[in-house]
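Structure file work-v3.cif (mmCIF, N, CA, C and O atoms) follows.
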data_final
#
loop_
_atom_site.label_atom_id
_atom_site.label_comp_id
_atom_site.auth_asym_id
_atom_site.auth_seq_id
_atom_site.Cartn_x
_atom_site.Cartn_y
_atom_site.Cartn_z
N MET G 1 1.18 14.52 -1.72
CA MET G 1 2.32 13.88 -2.32
C MET G 1 1.93 12.45 -2.68
O MET G 1 1.27 11.76 -1.89
N ARG G 2 2.34 12.03 -3.87
CA ARG G 2 2.07 10.66 -4.29
C ARG G 2 3.05 9.73 -3.57
O ARG G 2 4.25 10.01 -3.50
N VAL G 3 2.54 8.66 -3.00
CA VAL G 3 3.38 7.70 -2.30
C VAL G 3 3.05 6.29 -2.77
O VAL G 3 1.98 6.02 -3.33
N MET G 4 4.01 5.41 -2.54
CA MET G 4 3.81 3.98 -2.77
C MET G 4 3.87 3.28 -1.43
O MET G 4 4.78 3.54 -0.63
N LEU G 5 2.89 2.46 -1.16
CA LEU G 5 2.91 1.61 0.02
C LEU G 5 3.10 0.18 -0.46
O LEU G 5 2.35 -0.30 -1.31
N LYS G 6 4.13 -0.45 0.05
CA LYS G 6 4.38 -1.87 -0.24
C LYS G 6 4.11 -2.62 1.05
O LYS G 6 4.75 -2.35 2.07
N ALA G 7 3.13 -3.52 1.01
CA ALA G 7 2.80 -4.32 2.19
C ALA G 7 3.07 -5.78 1.86
O ALA G 7 2.47 -6.34 0.93
N THR G 8 3.99 -6.38 2.59
CA THR G 8 4.31 -7.79 2.42
C THR G 8 3.61 -8.55 3.54
O THR G 8 3.95 -8.39 4.72
N LEU G 9 2.59 -9.32 3.16
CA LEU G 9 1.72 -9.96 4.14
C LEU G 9 2.37 -11.19 4.75
O LEU G 9 3.07 -11.95 4.05
N ASP G 10 2.11 -11.39 6.02
CA ASP G 10 2.54 -12.60 6.70
C ASP G 10 1.77 -13.79 6.13
O ASP G 10 0.54 -13.74 6.02
N THR G 11 2.47 -14.84 5.75
CA THR G 11 1.82 -15.98 5.09
C THR G 11 0.81 -16.68 5.99
O THR G 11 -0.32 -16.95 5.58
N GLU G 12 1.19 -16.98 7.24
CA GLU G 12 0.27 -17.67 8.14
C GLU G 12 -0.99 -16.85 8.40
O GLU G 12 -2.11 -17.36 8.34
N LYS G 13 -0.81 -15.56 8.69
CA LYS G 13 -1.95 -14.69 8.98
C LYS G 13 -2.85 -14.54 7.75
O LYS G 13 -4.08 -14.62 7.87
N SER G 14 -2.26 -14.35 6.59
CA SER G 14 -3.09 -14.19 5.40
C SER G 14 -3.76 -15.51 5.01
O SER G 14 -4.89 -15.51 4.51
N ASN G 15 -3.11 -16.65 5.29
CA ASN G 15 -3.77 -17.95 5.06
C ASN G 15 -5.03 -18.06 5.93
O ASN G 15 -6.08 -18.52 5.47
N GLU G 16 -4.92 -17.64 7.19
CA GLU G 16 -6.08 -17.66 8.10
C GLU G 16 -7.22 -16.79 7.55
O GLU G 16 -8.38 -17.20 7.57
N LEU G 17 -6.87 -15.60 7.08
CA LEU G 17 -7.88 -14.67 6.56
C LEU G 17 -8.53 -15.19 5.28
O LEU G 17 -9.73 -14.99 5.07
N ILE G 18 -7.76 -15.87 4.47
CA ILE G 18 -8.32 -16.46 3.25
C ILE G 18 -9.27 -17.61 3.61
O ILE G 18 -10.39 -17.69 3.10
N ARG G 19 -8.82 -18.49 4.51
CA ARG G 19 -9.67 -19.62 4.92
C ARG G 19 -10.96 -19.16 5.58
O ARG G 19 -12.02 -19.77 5.38
N SER G 20 -10.90 -18.07 6.33
CA SER G 20 -12.10 -17.57 7.02
C SER G 20 -13.01 -16.78 6.08
O SER G 20 -14.13 -16.45 6.46
N GLY G 21 -12.51 -16.43 4.88
CA GLY G 21 -13.30 -15.65 3.94
C GLY G 21 -13.25 -14.15 4.19
O GLY G 21 -13.95 -13.39 3.53
N LYS G 22 -12.41 -13.71 5.14
CA LYS G 22 -12.34 -12.29 5.50
C LYS G 22 -11.42 -11.46 4.60
O LYS G 22 -11.54 -10.24 4.56
N MET G 23 -10.51 -12.10 3.89
CA MET G 23 -9.51 -11.37 3.11
C MET G 23 -10.12 -10.42 2.08
O MET G 23 -9.74 -9.24 2.04
N PRO G 24 -11.07 -10.85 1.24
CA PRO G 24 -11.61 -9.92 0.23
C PRO G 24 -12.21 -8.65 0.83
O PRO G 24 -11.96 -7.55 0.32
N GLU G 25 -12.96 -8.78 1.90
CA GLU G 25 -13.60 -7.61 2.51
C GLU G 25 -12.56 -6.68 3.14
O GLU G 25 -12.67 -5.46 3.04
N MET G 26 -11.53 -7.24 3.75
CA MET G 26 -10.50 -6.41 4.37
C MET G 26 -9.74 -5.61 3.32
O MET G 26 -9.48 -4.42 3.49
N ILE G 27 -9.41 -6.26 2.21
CA ILE G 27 -8.72 -5.56 1.12
C ILE G 27 -9.63 -4.48 0.54
O ILE G 27 -9.21 -3.35 0.29
N ARG G 28 -10.90 -4.81 0.35
CA ARG G 28 -11.86 -3.84 -0.20
C ARG G 28 -11.97 -2.61 0.72
O ARG G 28 -12.00 -1.47 0.25
N GLU G 29 -12.02 -2.82 2.03
CA GLU G 29 -12.10 -1.71 2.98
C GLU G 29 -10.87 -0.80 2.88
O GLU G 29 -11.00 0.42 2.89
N ILE G 30 -9.70 -1.40 2.76
CA ILE G 30 -8.47 -0.61 2.63
C ILE G 30 -8.50 0.19 1.34
O ILE G 30 -8.19 1.38 1.33
N LEU G 31 -8.89 -0.44 0.24
CA LEU G 31 -8.93 0.25 -1.05
C LEU G 31 -9.98 1.36 -1.04
O LEU G 31 -9.74 2.45 -1.57
N ASP G 32 -11.12 1.12 -0.41
CA ASP G 32 -12.16 2.15 -0.31
C ASP G 32 -11.67 3.35 0.51
O ASP G 32 -11.98 4.49 0.20
N HIS G 33 -10.89 3.07 1.54
CA HIS G 33 -10.37 4.14 2.39
C HIS G 33 -9.28 4.95 1.70
O HIS G 33 -9.29 6.19 1.72
N LEU G 34 -8.33 4.26 1.07
CA LEU G 34 -7.18 4.95 0.47
C LEU G 34 -7.47 5.53 -0.92
O LEU G 34 -6.81 6.46 -1.34
N LYS G 35 -8.42 4.93 -1.62
CA LYS G 35 -8.73 5.35 -3.00
C LYS G 35 -7.45 5.48 -3.82
O LYS G 35 -7.11 6.56 -4.33
N PRO G 36 -6.70 4.39 -3.97
CA PRO G 36 -5.41 4.47 -4.66
C PRO G 36 -5.58 4.77 -6.15
O PRO G 36 -6.58 4.40 -6.77
N GLU G 37 -4.57 5.46 -6.69
CA GLU G 37 -4.48 5.71 -8.12
C GLU G 37 -4.30 4.38 -8.85
O GLU G 37 -4.81 4.18 -9.95
N ALA G 38 -3.56 3.46 -8.21
CA ALA G 38 -3.35 2.12 -8.75
C ALA G 38 -3.10 1.18 -7.59
O ALA G 38 -2.56 1.57 -6.55
N ALA G 39 -3.50 -0.08 -7.77
CA ALA G 39 -3.28 -1.11 -6.75
C ALA G 39 -2.89 -2.40 -7.48
O ALA G 39 -3.58 -2.81 -8.42
N TYR G 40 -1.80 -2.99 -7.05
CA TYR G 40 -1.32 -4.23 -7.66
C TYR G 40 -1.04 -5.24 -6.57
O TYR G 40 -0.65 -4.89 -5.46
N PHE G 41 -1.20 -6.50 -6.92
CA PHE G 41 -1.03 -7.59 -5.97
C PHE G 41 -0.20 -8.67 -6.66
O PHE G 41 -0.51 -9.07 -7.78
N ALA G 42 0.87 -9.12 -5.97
CA ALA G 42 1.77 -10.09 -6.60
C ALA G 42 2.49 -10.90 -5.53
O ALA G 42 2.63 -10.45 -4.39
N PRO G 43 2.98 -12.08 -5.89
CA PRO G 43 3.78 -12.88 -4.97
C PRO G 43 5.26 -12.50 -5.08
O PRO G 43 6.05 -13.22 -5.67
N LEU G 44 5.62 -11.34 -4.54
CA LEU G 44 7.01 -10.89 -4.61
C LEU G 44 7.85 -11.60 -3.56
O LEU G 44 7.49 -11.64 -2.39
N GLY G 45 8.96 -12.13 -3.98
CA GLY G 45 9.82 -12.86 -3.05
C GLY G 45 9.12 -14.04 -2.42
O GLY G 45 9.47 -14.45 -1.31
N GLY G 46 8.10 -14.57 -3.09
CA GLY G 46 7.37 -15.72 -2.57
C GLY G 46 6.35 -15.38 -1.50
O GLY G 46 5.80 -16.28 -0.87
N ARG G 47 6.08 -14.09 -1.28
CA ARG G 47 5.10 -13.69 -0.26
C ARG G 47 4.05 -12.79 -0.89
O ARG G 47 4.35 -12.00 -1.78
N ARG G 48 2.82 -12.91 -0.40
CA ARG G 48 1.73 -12.06 -0.88
C ARG G 48 2.09 -10.60 -0.61
O ARG G 48 2.41 -10.24 0.51
N THR G 49 2.00 -9.79 -1.67
CA THR G 49 2.43 -8.40 -1.56
C THR G 49 1.42 -7.49 -2.23
O THR G 49 0.91 -7.80 -3.31
N CYS G 50 1.13 -6.35 -1.60
CA CYS G 50 0.27 -5.31 -2.16
C CYS G 50 1.14 -4.10 -2.46
O CYS G 50 1.95 -3.70 -1.62
N LEU G 51 0.95 -3.53 -3.63
CA LEU G 51 1.60 -2.28 -4.00
C LEU G 51 0.49 -1.27 -4.28
O LEU G 51 -0.28 -1.45 -5.22
N LEU G 52 0.40 -0.26 -3.45
CA LEU G 52 -0.65 0.74 -3.57
C LEU G 52 -0.03 2.10 -3.82
O LEU G 52 0.92 2.49 -3.15
N PHE G 53 -0.58 2.83 -4.79
CA PHE G 53 -0.09 4.14 -5.17
C PHE G 53 -1.22 5.13 -4.92
O PHE G 53 -2.29 5.02 -5.52
N PHE G 54 -0.99 6.10 -4.02
CA PHE G 54 -2.06 7.01 -3.64
C PHE G 54 -1.48 8.34 -3.18
O PHE G 54 -0.27 8.48 -2.99
N ASP G 55 -2.36 9.31 -2.98
CA ASP G 55 -1.97 10.64 -2.55
C ASP G 55 -2.05 10.73 -1.03
O ASP G 55 -3.06 10.36 -0.44
N MET G 56 -0.98 11.20 -0.41
CA MET G 56 -0.96 11.45 1.03
C MET G 56 -0.72 12.94 1.23
O MET G 56 0.32 13.46 0.83
N LYS G 57 -1.71 13.61 1.77
CA LYS G 57 -1.63 15.06 1.92
C LYS G 57 -0.76 15.49 3.10
O LYS G 57 -0.17 16.56 3.09
N ASP G 58 -0.69 14.65 4.12
CA ASP G 58 0.05 15.02 5.33
C ASP G 58 0.63 13.76 5.95
O ASP G 58 -0.01 12.71 5.92
N SER G 59 1.81 13.87 6.55
CA SER G 59 2.44 12.70 7.15
C SER G 59 1.64 12.13 8.32
O SER G 59 1.81 10.96 8.68
N SER G 60 0.73 12.93 8.87
CA SER G 60 -0.11 12.41 9.96
C SER G 60 -1.08 11.34 9.48
O SER G 60 -1.69 10.65 10.29
N GLU G 61 -1.22 11.18 8.17
CA GLU G 61 -2.08 10.14 7.62
C GLU G 61 -1.41 8.76 7.69
O GLU G 61 -2.07 7.74 7.48
N LEU G 62 -0.12 8.73 7.97
CA LEU G 62 0.61 7.46 7.96
C LEU G 62 0.07 6.42 8.94
O LEU G 62 -0.12 5.26 8.55
N PRO G 63 -0.22 6.76 10.19
CA PRO G 63 -0.75 5.72 11.09
C PRO G 63 -2.04 5.06 10.59
O PRO G 63 -2.10 3.82 10.53
N PRO G 64 -3.06 5.82 10.19
CA PRO G 64 -4.26 5.12 9.73
C PRO G 64 -4.07 4.38 8.40
O PRO G 64 -4.81 3.44 8.11
N VAL G 65 -3.07 4.76 7.63
CA VAL G 65 -2.77 4.05 6.39
C VAL G 65 -2.09 2.72 6.68
O VAL G 65 -2.45 1.68 6.13
N GLY G 66 -1.10 2.74 7.54
CA GLY G 66 -0.29 1.55 7.78
C GLY G 66 -0.83 0.56 8.79
O GLY G 66 -0.63 -0.65 8.67
N GLU G 67 -1.53 1.05 9.80
CA GLU G 67 -1.97 0.17 10.89
C GLU G 67 -2.82 -1.02 10.46
O GLU G 67 -2.63 -2.11 10.99
N PRO G 68 -3.77 -0.86 9.53
CA PRO G 68 -4.54 -2.05 9.14
C PRO G 68 -3.65 -3.19 8.62
O PRO G 68 -3.90 -4.36 8.89
N PHE G 69 -2.60 -2.84 7.89
CA PHE G 69 -1.70 -3.88 7.39
C PHE G 69 -0.92 -4.51 8.53
O PHE G 69 -0.71 -5.72 8.56
N LEU G 70 -0.50 -3.69 9.48
CA LEU G 70 0.27 -4.21 10.61
C LEU G 70 -0.59 -5.05 11.55
O LEU G 70 -0.19 -6.14 11.96
N THR G 71 -1.76 -4.54 11.89
CA THR G 71 -2.58 -5.23 12.89
C THR G 71 -3.39 -6.39 12.32
O THR G 71 -3.56 -7.40 12.99
N GLU G 72 -3.89 -6.24 11.11
CA GLU G 72 -4.77 -7.28 10.54
C GLU G 72 -4.02 -8.35 9.74
O GLU G 72 -4.45 -9.49 9.68
N PHE G 73 -2.91 -7.96 9.11
CA PHE G 73 -2.18 -8.89 8.24
C PHE G 73 -0.80 -9.26 8.78
O PHE G 73 -0.09 -10.03 8.16
N ASN G 74 -0.40 -8.64 9.89
CA ASN G 74 0.95 -8.83 10.42
C ASN G 74 1.98 -8.61 9.31
O ASN G 74 2.93 -9.38 9.15
N ALA G 75 1.77 -7.56 8.52
CA ALA G 75 2.59 -7.29 7.34
C ALA G 75 3.81 -6.46 7.67
O ALA G 75 3.86 -5.75 8.67
N GLU G 76 4.78 -6.54 6.79
CA GLU G 76 5.91 -5.62 6.78
C GLU G 76 5.52 -4.55 5.78
O GLU G 76 5.08 -4.87 4.67
N ILE G 77 5.65 -3.28 6.16
CA ILE G 77 5.26 -2.21 5.23
C ILE G 77 6.42 -1.26 4.97
O ILE G 77 7.29 -1.07 5.82
N GLU G 78 6.40 -0.69 3.76
CA GLU G 78 7.31 0.37 3.37
C GLU G 78 6.46 1.43 2.68
O GLU G 78 5.58 1.10 1.90
N VAL G 79 6.73 2.68 2.99
CA VAL G 79 6.04 3.80 2.34
C VAL G 79 7.13 4.75 1.86
O VAL G 79 8.03 5.11 2.63
N CYS G 80 7.03 5.14 0.59
CA CYS G 80 8.01 6.09 0.08
C CYS G 80 7.37 7.01 -0.95
O CYS G 80 6.43 6.62 -1.64
N PRO G 81 7.87 8.25 -1.02
CA PRO G 81 7.36 9.17 -2.05
C PRO G 81 7.79 8.67 -3.42
O PRO G 81 8.88 8.10 -3.57
N ILE G 82 6.93 8.88 -4.41
CA ILE G 82 7.25 8.46 -5.77
C ILE G 82 6.85 9.56 -6.75
O ILE G 82 6.13 10.49 -6.39
N MET G 83 7.33 9.42 -7.99
CA MET G 83 7.02 10.40 -9.03
C MET G 83 6.50 9.67 -10.26
O MET G 83 6.91 8.55 -10.53
N ASN G 84 5.65 10.36 -11.01
CA ASN G 84 5.32 9.87 -12.34
C ASN G 84 6.24 10.60 -13.32
O ASN G 84 7.10 11.38 -12.91
N GLY G 85 6.07 10.38 -14.62
CA GLY G 85 6.95 11.00 -15.61
C GLY G 85 6.91 12.51 -15.58
O GLY G 85 7.95 13.17 -15.71
N ASP G 86 5.71 13.08 -15.42
CA ASP G 86 5.58 14.54 -15.35
C ASP G 86 6.31 15.11 -14.14
O ASP G 86 6.98 16.14 -14.23
N ASP G 87 6.17 14.42 -12.99
CA ASP G 87 6.85 14.87 -11.77
C ASP G 87 8.37 14.84 -11.97
O ASP G 87 9.08 15.76 -11.56
N LEU G 88 8.85 13.78 -12.59
CA LEU G 88 10.29 13.65 -12.83
C LEU G 88 10.79 14.78 -13.72
O LEU G 88 11.81 15.41 -13.43
N GLN G 89 10.07 15.06 -14.81
CA GLN G 89 10.47 16.15 -15.71
C GLN G 89 10.50 17.49 -14.98
O GLN G 89 11.43 18.28 -15.15
N LYS G 90 9.49 17.73 -14.14
CA LYS G 90 9.43 18.97 -13.37
C LYS G 90 10.64 19.07 -12.44
O LYS G 90 11.29 20.11 -12.34
N GLY G 91 10.95 17.98 -11.76
CA GLY G 91 12.09 17.97 -10.84
C GLY G 91 13.41 18.15 -11.57
O GLY G 91 14.29 18.90 -11.13
N LEU G 92 13.57 17.45 -12.71
CA LEU G 92 14.81 17.56 -13.46
C LEU G 92 15.01 18.96 -14.03
O LEU G 92 16.14 19.45 -14.11
N SER G 93 13.92 19.63 -14.36
CA SER G 93 14.03 20.98 -14.91
C SER G 93 14.57 21.97 -13.88
O SER G 93 15.11 23.01 -14.23
N GLN G 94 14.44 21.63 -12.62
CA GLN G 94 14.94 22.50 -11.55
C GLN G 94 16.42 22.32 -11.29
O GLN G 94 17.02 23.04 -10.49
N LEU G 95 17.05 21.37 -11.95
CA LEU G 95 18.47 21.11 -11.76
C LEU G 95 19.35 22.04 -12.59
O LEU G 95 20.54 22.09 -12.38
N ARG G 96 18.77 22.75 -13.50
CA ARG G 96 19.57 23.63 -14.37
C ARG G 96 19.96 24.90 -13.67
O ARG G 96 19.43 25.45 -12.85
#

Hey, can you dump this file as structure tokens for me?
Amino acid sequence: MRVMLKATLDTEKSNELIRSGKMPEMIREILDHLKPEAAYFAPLGGRRTCLLFFDMKDSSELPPVGEPFLTEFNAEIEVCPIMNGDDLQKGLSQLR
């Protein structure tokens, strides 16, 4: 199932990681592990935020997906199923 993970990073913790030079490698490790279809980074609501779109085959994958953000970045995370246009059309066709 395609999911979106939104991670809102703690400012103090991410400032520490940037100053120490560890932030780029940590983000790279997460991206290498998840192999997202798309990854975006923006200052949403004034806080560093990652939006990652990837395939999750089983809900048991949630702990290893979310924990790095929680433990390393002290982030707030949200994970939700999402659809692309084809998925939406397929779902809407089942409403008839």

task: Please write the residues picked by the PyMOL selection byres ((chain G and resi 10-17) around 7) on this file as a PyMOL selection string.
output: chain G and resi 8-9+18-24+47-48+69+72-76

- prompt: Once the PyMOL selection byres (((chain G and resi 29-44 and name CA) around 12) and name CA) has been applied to the shown file, what residues remain in the selection, as a ChimeraX atom specification?
  reply: /G:2-11,22-28,45-57,61-62,64-69,72-73,84

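One finds atom O of Val79 of chain G at 10.5 Å from atom CA of Ser59 of chain G.
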
task: From the DSSP assignment of the backbone, select every residue of chain G that is strand (DSSP E), and format the answer as JSON, numbers by chain.
output: {"G": [2, 3, 4, 5, 6, 7, 8, 38, 39, 40, 41, 42, 43, 44, 47, 48, 49, 50, 51, 52, 53, 54, 55, 76, 77, 78, 79, 80, 81]}

task: Calculate how many Å separate atom CA of Met1 of chain G from atom CA of Gly85 of chain G, rounding to one decimal.
output: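 Answer for the atom CA of Met1 of chain G to atom CA of Gly85 of chain G separation: 14.4 Å.
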
message: What parts of segment 28-90 of chain G does DSSP call alpha helix (DSSP H)? I'd like the answer as number ranges by chain.
response: G: 28-34, 62-73, 85-90

task: Calculate how many Å separate atom O of Leu95 of chain G from atom C of Asp58 of chain G, rounding to one decimal.
output: 28.3 Å
